[in-house]
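*Asks:* Structure incoming, see below.
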Amino acid sequence: MDSHDSDGLLAEQLLRLTRRLHRIQSRQLEPIGITPAQFRLLRTVAQYEGPPRMADLAQRLDVVPRAVTSLVDGLEASGRVRRAPDPASRRVVRVEITDEGLATLRSLRSARRAAAEEILAPLTAEQREVLGGLLSALVDGMPERHC
């Protein structure tokens, strides 16, 4: 097998693993009533020091602003975030995480650990360490994007 074939096989394996992880995560998020995209937005909001602007979230998540609006709509309806006016500009909307949102994040972190454990179960501790190093090398070698 030449290097192009093995690179193609490796890419396919990574895609299959990503899909499997996504399915496991979706299965664990469903009882909590949140989608993977909403979870990602909630995590991103929590990473900011103060409430981010909707435009900041769109840029950080690398999505169109309309997608952020839809995600915030769903999270706001469930009480996990709230829209807040920007004190400096009436046209700017900021997104605040609520206590319910913080509680959701705490429960989702354990669901994420369970998903990772399910995926990584076949690996020894040493293999997990090697995989972590390899994944870090791939992620660190990618062009800068906020995902």
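By convention in this document, the chains of the structure tokens carry letters A, B, ... by their order, each chain's residues are numbered from 1, and ligands are numbered from 1 in the order they are shown.
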Excluding same-chain residues fewer than 5 positions from region 60-76 of chain A, what lies within 9 Å of it counting only C-alpha atoms, as a list in words?
*Replies:*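 Contacts, in chain order: Ile34, Ala37, Gln38, Arg40, Leu41, Leu42, Thr44, Met54, Ala55, Val81, Arg82, Arg83, Val95, Gly101, Arg145, His146 and Cys147 of chain A.
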*Asks:* Residues of region 67-118 of chain A within 12 Å of region 3-21 of chain A: nearest atom pair and distance (Å, one decimal) for each, counting only C-alpha atoms, sorted by chain and number, as JSON lines?
*Replies:*
{"residue": "A:Ala111", "atom": "CA", "partner": "A:Leu21", "partner_atom": "CA", "distance": 11.8}
{"residue": "A:Arg112", "atom": "CA", "partner": "A:Leu21", "partner_atom": "CA", "distance": 9.6}
{"residue": "A:Arg113", "atom": "CA", "partner": "A:Leu21", "partner_atom": "CA", "distance": 11.4}
{"residue": "A:Ala114", "atom": "CA", "partner": "A:Leu21", "partner_atom": "CA", "distance": 10.8}
{"residue": "A:Ala115", "atom": "CA", "partner": "A:Leu21", "partner_atom": "CA", "distance": 7.0}
{"residue": "A:Ala116", "atom": "CA", "partner": "A:Leu21", "partner_atom": "CA", "distance": 7.8}
{"residue": "A:Glu117", "atom": "CA", "partner": "A:Leu21", "partner_atom": "CA", "distance": 10.5}
{"residue": "A:Glu118", "atom": "CA", "partner": "A:Leu21", "partner_atom": "CA", "distance": 9.0}
*Asks:* Just give me the gap between CA of Ile119 (chain A) and CA of Leu131 (chain A) in Å, one decimal is fine.
*Replies:*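 Atom-to-atom, CA of Ile119 (chain A) to CA of Leu131 (chain A), that is 12.2 Å.
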*Asks:* Give me, as a count of residues only, the residues of region 23-145 of chain A that a backbone DSSP run labels strand (DSSP E or B).
*Replies:* 16
*Asks:* Measuring between only C-alpha atoms, which one of A:Leu108, A:Ile97, A:Ala77, A:Leu134 shows the shortest distance to Ile32 (chain A)?
*Replies:*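 Using only C-alpha atoms, Ile32 (chain A) sits closest to A:Leu108.
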*Asks:* A:Arg106, A:Arg53, A:His22, A:Arg80: which is nearest Val92 (chain A), counting only C-alpha atoms?
*Replies:*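 Answer, going by the shortest atom-to-atom distance: A:Arg53.
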*Asks:* Which residues in region 9-40 of chain A does DSSP call alpha helix (DSSP H)? List them as a ChimeraX atom specification.
*Replies:* /A:9-29,36-40
*Asks:* If you measure from CA of Gln25 (chain A) to CA of Phe39 (chain A), what distance in Å do you get, rounded to one decimal?
*Replies:*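 These atoms are spaced 10.1 Å apart.
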*Asks:* Please provide as number ranges by chain all residues within 10 Å of Asp99 (chain A), with the sequence filter that same-chain residues fewer than 3 positions apart are discarded (counting only C-alpha atoms).
*Replies:* A: 79-81, 96, 102-105
*Asks:* If you keep N, CA and C atoms, can you produce a file of those selected residues as a PDB file, in the first residue's frame?
*Replies:*
ATOM      1  N   GLY A  79     -33.894  28.081  29.299  1.00  0.00           N
ATOM      2  CA  GLY A  79     -33.424  28.775  30.497  1.00  0.00           C
ATOM      3  C   GLY A  79     -31.927  28.657  30.748  1.00  0.00           C
ATOM      4  N   ARG A  80     -31.173  28.233  29.745  1.00  0.00           N
ATOM      5  CA  ARG A  80     -29.728  28.016  29.955  1.00  0.00           C
ATOM      6  C   ARG A  80     -28.887  29.253  29.662  1.00  0.00           C
ATOM      7  N   VAL A  81     -29.393  30.146  28.827  1.00  0.00           N
ATOM      8  CA  VAL A  81     -28.738  31.431  28.567  1.00  0.00           C
ATOM      9  C   VAL A  81     -29.821  32.497  28.519  1.00  0.00           C
ATOM     10  N   GLU A  96     -25.579  35.781  28.126  1.00  0.00           N
ATOM     11  CA  GLU A  96     -25.152  35.418  29.482  1.00  0.00           C
ATOM     12  C   GLU A  96     -25.563  33.980  29.772  1.00  0.00           C
ATOM     13  N   LEU A 102     -25.089  26.720  33.735  1.00  0.00           N
ATOM     14  CA  LEU A 102     -23.898  26.224  34.436  1.00  0.00           C
ATOM     15  C   LEU A 102     -24.135  24.810  34.975  1.00  0.00           C
ATOM     16  N   ALA A 103     -25.333  24.566  35.503  1.00  0.00           N
ATOM     17  CA  ALA A 103     -25.669  23.223  35.997  1.00  0.00           C
ATOM     18  C   ALA A 103     -25.667  22.218  34.849  1.00  0.00           C
ATOM     19  N   THR A 104     -26.188  22.633  33.698  1.00  0.00           N
ATOM     20  CA  THR A 104     -26.192  21.762  32.516  1.00  0.00           C
ATOM     21  C   THR A 104     -24.761  21.425  32.116  1.00  0.00           C
ATOM     22  N   LEU A 105     -23.883  22.427  32.101  1.00  0.00           N
ATOM     23  CA  LEU A 105     -22.479  22.179  31.748  1.00  0.00           C
ATOM     24  C   LEU A 105     -21.833  21.171  32.691  1.00  0.00           C
TER      25      LEU A 105
END
